[in-house]
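Data file: input_21.cif. Format and content: mmCIF, C-alpha atoms and all ligand atoms.
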```cif
data_work
#
loop_
_atom_site.label_atom_id
_atom_site.label_comp_id
_atom_site.auth_asym_id
_atom_site.auth_seq_id
_atom_site.Cartn_x
_atom_site.Cartn_y
_atom_site.Cartn_z
CA MET A 192 -1.66 35.47 41.79
CA VAL A 193 0.08 36.18 45.12
CA GLU A 194 2.84 38.81 45.14
CA THR A 195 6.05 36.88 45.71
CA PHE A 196 9.71 36.64 44.70
CA SER A 197 11.80 34.59 42.27
CA SER A 198 15.26 35.47 43.58
CA VAL A 199 16.82 36.73 46.79
CA PRO A 200 17.68 40.45 46.64
CA LYS A 201 21.04 42.00 47.50
CA VAL A 202 21.37 44.86 49.97
CA ASP A 203 24.66 46.75 50.26
CA PHE A 204 25.64 47.41 53.88
CA GLY A 205 28.20 50.04 52.82
CA ARG A 206 25.49 52.00 50.99
CA LEU A 207 23.19 51.71 54.01
CA ASN A 208 25.88 53.44 56.05
CA ASN A 209 26.59 56.18 53.53
CA PRO A 210 24.31 59.22 53.99
CA VAL A 211 24.26 59.82 50.23
CA THR A 212 22.94 56.35 49.32
CA LYS A 213 21.22 55.40 52.58
CA GLN A 214 17.59 56.19 51.65
CA GLU A 215 17.79 54.32 48.37
CA GLU A 216 19.28 51.26 50.05
CA LEU A 217 16.81 51.40 52.96
CA ALA A 218 14.01 51.13 50.40
CA LYS A 219 15.61 47.91 49.07
CA LEU A 220 16.00 46.58 52.59
CA ARG A 221 12.36 47.26 53.34
CA GLU A 222 11.19 45.54 50.17
CA ALA A 223 13.33 42.49 51.02
CA ILE A 224 11.97 42.40 54.57
CA PHE A 225 8.33 42.63 53.50
CA LEU A 226 8.35 40.51 50.39
CA VAL A 227 11.07 37.88 50.82
CA GLY A 228 12.22 37.55 54.44
CA PHE A 229 15.69 36.79 53.02
CA LEU A 230 18.44 38.96 51.54
CA TYR A 231 22.13 38.93 50.75
CA LEU A 232 23.99 41.51 52.81
CA THR A 233 27.09 42.57 50.88
CA ASN A 234 29.98 44.87 51.65
CA THR A 235 29.77 44.27 55.43
CA GLY A 236 33.48 44.63 56.24
CA LEU A 237 33.49 41.06 57.63
CA GLU A 238 34.84 39.48 54.42
CA ASP A 239 38.27 38.66 55.90
CA LEU A 240 36.70 37.14 59.01
CA LEU A 241 34.38 34.95 56.92
CA HIS A 242 37.22 33.85 54.71
CA SER A 243 39.54 32.95 57.57
CA THR A 244 36.81 31.16 59.54
CA HIS A 245 35.86 29.04 56.52
CA LYS A 246 39.52 28.11 56.12
CA ARG A 247 39.65 27.07 59.75
CA ILE A 248 36.50 24.97 60.28
CA PRO A 249 37.22 21.82 58.24
CA GLU A 250 39.94 21.23 60.83
CA PHE A 251 37.37 21.07 63.66
CA PHE A 252 35.35 18.44 61.84
CA ALA A 253 38.51 16.48 61.04
CA LEU A 254 39.22 15.98 64.77
CA SER A 255 38.85 12.38 65.92
CA LYS A 256 35.44 11.11 67.00
CA GLU A 257 36.70 10.86 70.60
CA VAL A 258 37.93 14.45 70.66
CA LYS A 259 34.69 15.77 69.13
CA GLU A 260 32.57 13.75 71.54
CA LYS A 261 34.40 15.29 74.51
CA CYS A 262 32.32 18.38 73.78
CA ASP A 263 29.12 16.49 72.89
CA MET A 264 25.93 18.56 73.13
CA ILE A 265 24.49 15.80 75.26
CA ASN A 266 26.52 17.21 78.19
CA SER A 267 25.05 20.69 77.87
CA PRO A 268 21.69 21.82 79.30
CA SER A 269 22.12 24.85 77.01
CA PHE A 270 22.27 22.66 73.89
CA LEU A 271 25.80 23.86 73.10
CA GLY A 272 28.53 21.62 71.73
CA TYR A 273 29.02 18.95 69.11
CA THR A 274 26.25 17.05 67.27
CA ARG A 275 27.28 14.03 65.22
CA LEU A 276 26.02 13.26 61.71
CA GLY A 277 22.43 12.00 61.55
CA ALA A 278 21.44 12.98 65.10
CA GLU A 279 18.95 15.63 64.01
CA THR A 280 15.59 15.42 62.24
CA THR A 281 13.61 18.10 60.46
CA ALA A 282 10.14 17.60 58.94
CA SER A 283 10.29 13.94 60.06
CA LYS A 284 13.42 13.13 58.04
CA THR A 285 17.02 12.74 59.17
CA ASP A 286 19.26 15.71 58.38
CA PHE A 287 22.58 14.84 56.81
CA ARG A 288 24.86 17.22 58.69
CA GLU A 289 27.33 17.46 61.55
CA GLN A 290 27.72 20.57 63.67
CA PHE A 291 29.20 22.54 66.55
CA ASP A 292 26.92 24.97 68.40
CA PHE A 293 28.29 27.89 70.44
CA GLY A 294 26.74 30.68 72.49
CA SER A 295 27.93 34.24 73.20
CA PRO A 296 30.71 34.00 75.79
CA GLY A 297 30.35 35.46 79.27
CA VAL A 298 26.73 34.54 80.00
CA LYS A 299 25.94 34.61 83.73
CA PRO A 300 26.26 31.07 85.16
CA TRP A 301 22.96 29.39 86.07
CA ARG A 302 22.17 29.06 89.79
CA ASP A 303 19.68 26.81 91.57
CA ASP A 304 17.35 29.71 92.30
CA ASP A 305 17.21 30.89 88.65
CA PRO A 306 14.26 29.80 86.51
CA PHE A 307 14.89 26.41 84.94
CA TRP A 308 14.72 27.71 81.35
CA GLN A 309 17.54 30.14 82.10
CA GLN A 310 19.82 27.16 81.54
CA LEU A 311 19.22 27.59 77.80
CA GLU A 312 21.89 30.29 78.10
CA GLY A 313 25.12 28.76 79.34
CA PRO A 314 28.83 28.10 78.88
CA ASN A 315 30.46 26.81 75.72
CA GLN A 316 32.20 23.53 75.14
CA TYR A 317 35.05 24.36 72.78
CA PRO A 318 36.62 21.69 70.57
CA ASP A 319 40.15 20.83 71.54
CA ALA A 320 41.93 22.62 68.67
CA PRO A 321 44.48 25.45 68.82
CA ASP A 322 42.87 28.89 69.28
CA ALA A 323 39.33 27.48 68.91
CA LYS A 324 38.05 29.66 71.76
CA GLU A 325 39.72 32.82 70.38
CA THR A 326 38.46 32.15 66.84
CA ILE A 327 34.89 31.68 68.07
CA GLU A 328 34.93 34.63 70.45
CA GLU A 329 36.21 36.93 67.73
CA TYR A 330 33.39 35.78 65.47
CA PHE A 331 30.81 36.52 68.17
CA THR A 332 32.14 40.04 68.70
CA LYS A 333 32.26 40.99 65.02
CA ALA A 334 29.04 39.27 63.92
CA GLY A 335 27.24 40.58 67.03
CA ASN A 336 28.20 44.18 66.24
CA LEU A 337 27.09 43.83 62.64
CA ALA A 338 23.80 42.23 63.69
CA LYS A 339 22.96 45.06 66.11
CA ARG A 340 23.73 47.68 63.49
CA PHE A 341 21.64 45.76 60.95
CA MET A 342 18.69 45.65 63.34
CA HIS A 343 18.85 49.43 63.72
CA LEU A 344 18.78 49.80 59.95
CA VAL A 345 15.81 47.45 59.70
CA ALA A 346 13.95 49.65 62.19
CA GLU A 347 14.81 52.71 60.10
CA SER A 348 13.67 50.96 56.95
CA LEU A 349 10.29 50.47 58.66
CA SER A 350 10.17 54.18 59.61
CA LEU A 351 10.73 53.32 63.29
CA PRO A 352 13.37 54.80 65.64
CA PRO A 353 16.67 52.87 65.21
CA ALA A 354 16.66 51.44 68.76
CA THR A 355 13.05 50.12 68.58
CA PHE A 356 14.05 46.44 68.68
CA ASP A 357 16.96 46.68 71.15
CA GLN A 358 14.66 45.84 74.05
CA PHE A 359 14.00 42.39 72.53
CA LYS A 360 17.62 41.33 72.18
CA GLY A 361 18.57 38.41 74.43
CA ASN A 362 21.75 37.80 76.42
CA MET A 363 23.00 35.02 74.21
CA ASP A 364 23.39 34.75 70.45
CA ARG A 365 24.17 31.41 68.85
CA LEU A 366 26.77 30.45 66.28
CA LYS A 367 27.14 27.18 64.43
CA PHE A 368 29.81 25.56 62.34
CA VAL A 369 28.06 23.11 60.03
CA LYS A 370 29.36 20.41 57.70
CA TYR A 371 27.12 18.73 55.14
CA PRO A 372 28.99 15.72 53.74
CA ALA A 373 28.44 14.77 50.11
CA GLY A 374 25.48 12.41 49.85
CA PRO A 375 23.31 10.68 47.27
CA PRO A 376 21.27 13.02 44.99
CA ASN A 377 18.26 14.66 46.69
CA SER A 378 19.39 13.90 50.23
CA GLN A 379 18.23 16.30 52.93
CA GLY A 380 21.02 18.50 54.33
CA VAL A 381 18.50 20.19 56.57
CA GLY A 382 14.78 19.89 55.91
CA PRO A 383 12.23 22.69 55.41
CA HIS A 384 11.98 24.93 58.47
CA LYS A 385 11.75 28.52 59.70
CA ASP A 386 14.41 29.72 62.12
CA SER A 387 12.67 29.85 65.44
CA THR A 388 14.87 30.88 68.31
CA GLY A 389 15.75 34.51 67.67
CA LEU A 390 15.43 37.70 65.67
CA PHE A 391 17.66 37.41 62.56
CA THR A 392 20.07 34.84 61.11
CA PHE A 393 23.32 35.85 59.39
CA LEU A 394 24.61 32.93 57.35
CA SER A 395 27.94 32.56 55.64
CA GLN A 396 27.87 29.73 53.11
CA ASP A 397 30.85 28.39 51.18
CA ASP A 398 30.82 28.16 47.38
CA THR A 399 29.00 24.80 47.13
CA GLY A 400 25.32 25.86 46.94
CA GLY A 401 22.21 23.95 48.06
CA LEU A 402 20.35 26.56 50.12
CA GLN A 403 16.79 27.20 48.92
CA VAL A 404 13.88 29.33 50.12
CA LEU A 405 10.18 28.76 49.57
CA ASN A 406 8.18 31.52 47.90
CA LYS A 407 4.46 32.13 48.37
CA ASN A 408 3.64 30.10 45.24
CA GLY A 409 5.27 27.05 46.78
CA GLN A 410 8.36 27.18 44.53
CA TRP A 411 11.84 26.50 45.90
CA ILE A 412 14.13 29.40 44.95
CA ASP A 413 17.92 28.86 44.94
CA VAL A 414 20.11 31.05 47.10
CA PRO A 415 23.42 30.53 45.26
CA PRO A 416 26.66 31.52 47.00
CA VAL A 417 27.71 35.16 46.61
CA GLU A 418 31.36 35.55 47.58
CA GLY A 419 31.89 37.54 50.79
CA SER A 420 28.16 38.06 51.48
CA LEU A 421 26.00 37.05 54.40
CA VAL A 422 22.55 35.60 53.76
CA VAL A 423 20.27 37.28 56.29
CA ASN A 424 16.81 36.03 57.18
CA ILE A 425 14.01 36.90 59.56
CA GLN A 426 13.43 34.50 62.44
CA GLN A 427 10.11 33.74 64.12
CA GLY A 428 11.00 35.89 67.14
CA PHE A 429 11.11 38.96 64.92
CA GLU A 430 7.98 37.84 63.12
CA ALA A 431 6.15 37.73 66.45
CA ILE A 432 7.44 41.13 67.60
CA THR A 433 6.22 42.71 64.37
CA GLY A 434 2.85 40.98 64.58
CA GLY A 435 3.63 38.86 61.52
CA VAL A 436 4.18 41.86 59.24
CA CYS A 437 7.86 40.89 58.85
CA ALA A 438 7.51 37.17 58.33
CA ALA A 439 10.02 34.32 58.63
CA THR A 440 10.48 32.35 55.40
CA THR A 441 10.77 28.58 55.09
CA HIS A 442 14.11 27.32 53.81
CA ARG A 443 16.11 24.12 53.44
CA VAL A 444 19.50 22.81 52.33
CA LEU A 445 19.90 20.06 49.75
CA ALA A 446 22.87 17.87 50.64
CA PRO A 447 25.80 18.30 48.23
CA THR A 448 26.62 15.38 45.96
CA GLN A 449 30.26 16.05 45.00
CA ARG A 450 32.03 17.46 48.05
CA ALA A 451 31.22 18.58 51.59
CA ARG A 452 29.52 21.93 52.13
CA PHE A 453 30.40 24.12 55.13
CA SER A 454 28.28 26.93 56.51
CA ILE A 455 28.37 29.32 59.45
CA PRO A 456 24.99 30.58 60.69
CA PHE A 457 24.91 33.25 63.43
CA PHE A 458 21.54 33.64 65.18
CA LEU A 459 20.78 36.94 66.89
CA GLY A 460 19.03 35.86 70.10
CA VAL A 461 15.71 37.06 71.46
CA ARG A 462 15.09 37.74 75.19
CA LEU A 463 14.01 34.46 76.74
CA ASP A 464 11.95 36.14 79.45
CA LEU A 465 9.66 37.98 77.03
CA THR A 466 6.10 37.19 78.06
CA LEU A 467 3.16 36.67 75.77
CA PRO A 468 1.42 39.90 76.91
CA GLU A 469 4.65 41.85 76.27
CA LEU A 470 4.96 40.33 72.82
CA LYS A 471 1.36 41.11 71.94
CA GLU A 472 1.66 44.67 73.19
CA SER A 473 4.81 45.22 71.20
CA ALA A 474 3.30 43.70 68.10
CA ALA A 475 0.25 45.95 68.35
CA HIS A 476 2.41 49.03 68.92
CA ILE A 477 4.81 48.27 66.09
CA VAL A 478 2.25 47.12 63.55
CA GLN A 479 0.34 50.38 63.96
CA ARG A 480 3.44 52.35 63.04
CA ILE A 481 4.77 50.31 60.14
CA PRO A 482 3.58 51.95 56.94
CA VAL A 483 2.20 49.02 54.97
CA SER A 484 -1.23 48.74 53.46
CA ASP A 485 -3.98 47.58 55.80
CA ASP A 486 -4.58 44.65 53.54
CA LYS A 487 -0.99 43.44 53.86
CA LYS A 488 -1.06 43.92 57.64
CA LYS A 489 -4.24 41.92 57.88
CA ARG A 490 -2.91 39.10 55.73
CA ASP A 491 0.35 38.87 57.62
CA VAL A 492 -1.00 39.18 61.12
CA ASP A 493 -2.99 36.06 60.33
CA VAL A 494 0.25 34.06 59.93
CA ALA A 495 0.44 31.42 62.63
CA SER A 496 3.44 31.82 64.90
CA GLU A 497 4.28 29.51 67.75
CA PHE A 498 5.61 32.57 69.59
CA LEU A 499 2.09 33.96 69.80
CA SER A 500 0.45 30.71 70.81
CA PRO A 501 -1.57 30.92 74.01
CA LEU A 502 0.04 27.59 74.94
CA TYR A 503 3.21 29.41 75.90
CA SER A 504 3.64 31.87 78.74
CA CYS A 505 7.02 33.20 77.64
CA VAL A 506 9.46 32.84 74.77
CA CYS A 507 11.56 30.38 76.75
CA SER A 508 8.74 27.84 76.77
CA THR A 509 8.57 27.81 72.96
CA MET A 510 12.08 26.37 72.83
CA PRO A 511 12.20 23.03 74.52
CA PHE A 512 13.48 20.94 71.64
CA GLN A 513 17.09 20.36 70.79
CA SER A 514 16.41 20.09 67.08
CA ASP A 515 14.76 23.52 67.05
CA LEU A 516 17.63 25.07 68.94
CA SER A 517 20.29 23.57 66.79
CA ARG A 518 18.59 24.83 63.64
CA GLY A 519 18.23 28.29 65.11
O1 LIG B 601 23.58 25.73 56.34
C1 LIG B 601 22.82 26.52 55.79
O2 LIG B 601 23.07 27.04 54.72
C2 LIG B 601 21.50 26.87 56.44
C3 LIG B 601 21.34 26.28 57.79
C4 LIG B 601 20.03 26.59 58.44
O3 LIG B 601 19.08 26.94 57.81
C5 LIG B 601 19.93 26.49 59.89
O4 LIG B 601 20.83 25.92 60.53
O5 LIG B 601 18.93 27.01 60.44
FE FE B 602 17.62 27.83 59.09
#
```
Show this structure as structure tokens.
Amino acid sequence: MVETFSSVPKVDFGRLNNPVTKQEELAKLREAIFLVGFLYLTNTGLEDLLHSTHKRIPEFFALSKEVKEKCDMINSPSFLGYTRLGAETTASKTDFREQFDFGSPGVKPWRDDDPFWQQLEGPNQYPDAPDAKETIEEYFTKAGNLAKRFMHLVAESLSLPPATFDQFKGNMDRLKFVKYPAGPPNSQGVGPHKDSTGLFTFLSQDDTGGLQVLNKNGQWIDVPPVEGSLVVNIQQGFEAITGGVCAATTHRVLAPTQRARFSIPFFLGVRLDLTLPELKESAAHIVQRIPVSDDKKKRDVDVASEFLSPLYSCVCSTMPFQSDLSRG
């Protein structure tokens, strides 16, 4: 029987930041990172932001088709903007969701003499709604700060210096507002996938439910809503940097049947110019230092990751597909 999980653990961010409880909570974080690849992060201090953003986003989706299509992703070489319902496929099936994708503001504009892939980081197209830009920029600032602090704590939980992973952080994080309309039973909100374009995902889901993660026995485990929490998961960028020891976990969303579901994933971006040799070197360096049993290291380093494929010369070339980008 493979060691696996039957629920997603909770880790308390407040306790991680309190010297009295820190070590105990770091042990929980480490267990979640090694065994599950998913966790609920509670007590983050972002509860009001999550609440107010959820209140706001139905309004963006309620804009007319014409207004939404003014910021259509089709106009953006950075894959930022609006994607209509049914325009995305995962695992060969159409996803039943509509979304707005945004990137961290203030990214350096692309110039003709920059590498072509640099265009993956670019300017936003904001929906034409009052304070949309301000709402989104505030979210980037607050979620970005939390994400960086979280990454330091992950390093500490692996007995590494807090800043170990800072060198891998990219210039642009991504944020999505997603609406899954109610559909027939067993419709695919988003099909099975691993998040592929960054380091960690921080997801705020509403109270509808439908998110599931796959354990090592092939069972789908529910990730029911926990008020005020963020669901955090490892992305394939982080998996590659840690040589597969901290693995990304497959997940999906079942479309709701009664009412629309809204979610807000924030994807902490990886450096697009990371080369394959750099990745391999980092993985070797980090894996050596992470205190897990040799057996576990061996098993996990064997995990296939497109980031480590010899087909790709740098991280940027693993990301050519819109559907991958818009899933994270
Ligand atoms: O909407 C959700 O709950 C999850 C979305 C997701 O997995 C993704 O966009 O990568
Ligand atoms: Fe995902």
Around ligand LIG 601 (chain B), out to 9 Å and counting all atoms listed in the file, which residues are there? I want them as JSON, numbers by chain. {"A": [288, 367, 368, 369, 370, 371, 380, 381, 382, 383, 384, 385, 386, 387, 392, 394, 395, 396, 397, 400, 401, 402, 403, 422, 441, 442, 443, 444, 452, 453, 454, 455, 456, 457, 458, 515, 516, 517, 518, 519]}
Given the choices A:Leu226, A:Val345, A:Leu366, A:Ala475, which gets closest to ligand FE 602 (chain B) if the distance is worked out from all atoms listed in the file?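 Ranking A:Leu226, A:Val345, A:Leu366, A:Ala475 by distance to ligand FE 602 (chain B), first place goes to A:Leu366.
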Nearest candidate to A:Glu250 (options A:Leu421, A:Ala346, A:Ala320, A:Ala223; using all atoms listed in the file): A:Ala320
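If you look at atom CA of A:Ile224 and atom CA of A:Asp398, they are 24.7 Å away from each other.
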Within 7 Å of A:Met363 using only C-alpha atoms, minus same-chain residues under 5 positions, as number ranges by chain: A: 294-295, 298, 312, 460
All residues 12 Å or closer to A:Phe356, only C-alpha atoms, same chain fewer than 3 positions away omitted, as number ranges by chain: A: 338-347, 349, 351-353, 359-361, 390-391, 428-433, 459-462, 470, 473-474, 476-477
Check the smallest atom-to-atom distance from each of A:Asn424, A:Gln358, A:Pro210, A:Pro200 to A:Glu469 using only C-alpha atoms, then report the winner.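 Closest to A:Glu469, using only C-alpha atoms: A:Gln358.
Remark: for ligand FE 602 (chain B), the closest of the candidate residues A:Ala323, A:Lys259, A:Ile425, A:Leu254 is A:Ile425 (distances computed over only C-alpha atoms and all ligand atoms).
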Which residue gives the smallest distance to A:Asp364 among A:Gly335, A:Pro376, A:Pro482, A:Pro447, with only C-alpha atoms counted?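 Of all the options, A:Gly335 lies closest to A:Asp364.
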Measure the distance from atom CA of A:Leu445 to atom CA of A:Val414 in Å and round it to one decimal.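 Atom CA of A:Val414 lies 11.3 Å from atom CA of A:Leu445.
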Proximity to A:Phe307 - best of A:Lys201, A:Asp464, A:Gly409, A:Lys284, all atoms listed in the file: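 Using all atoms listed in the file, A:Phe307 sits closest to A:Asp464.
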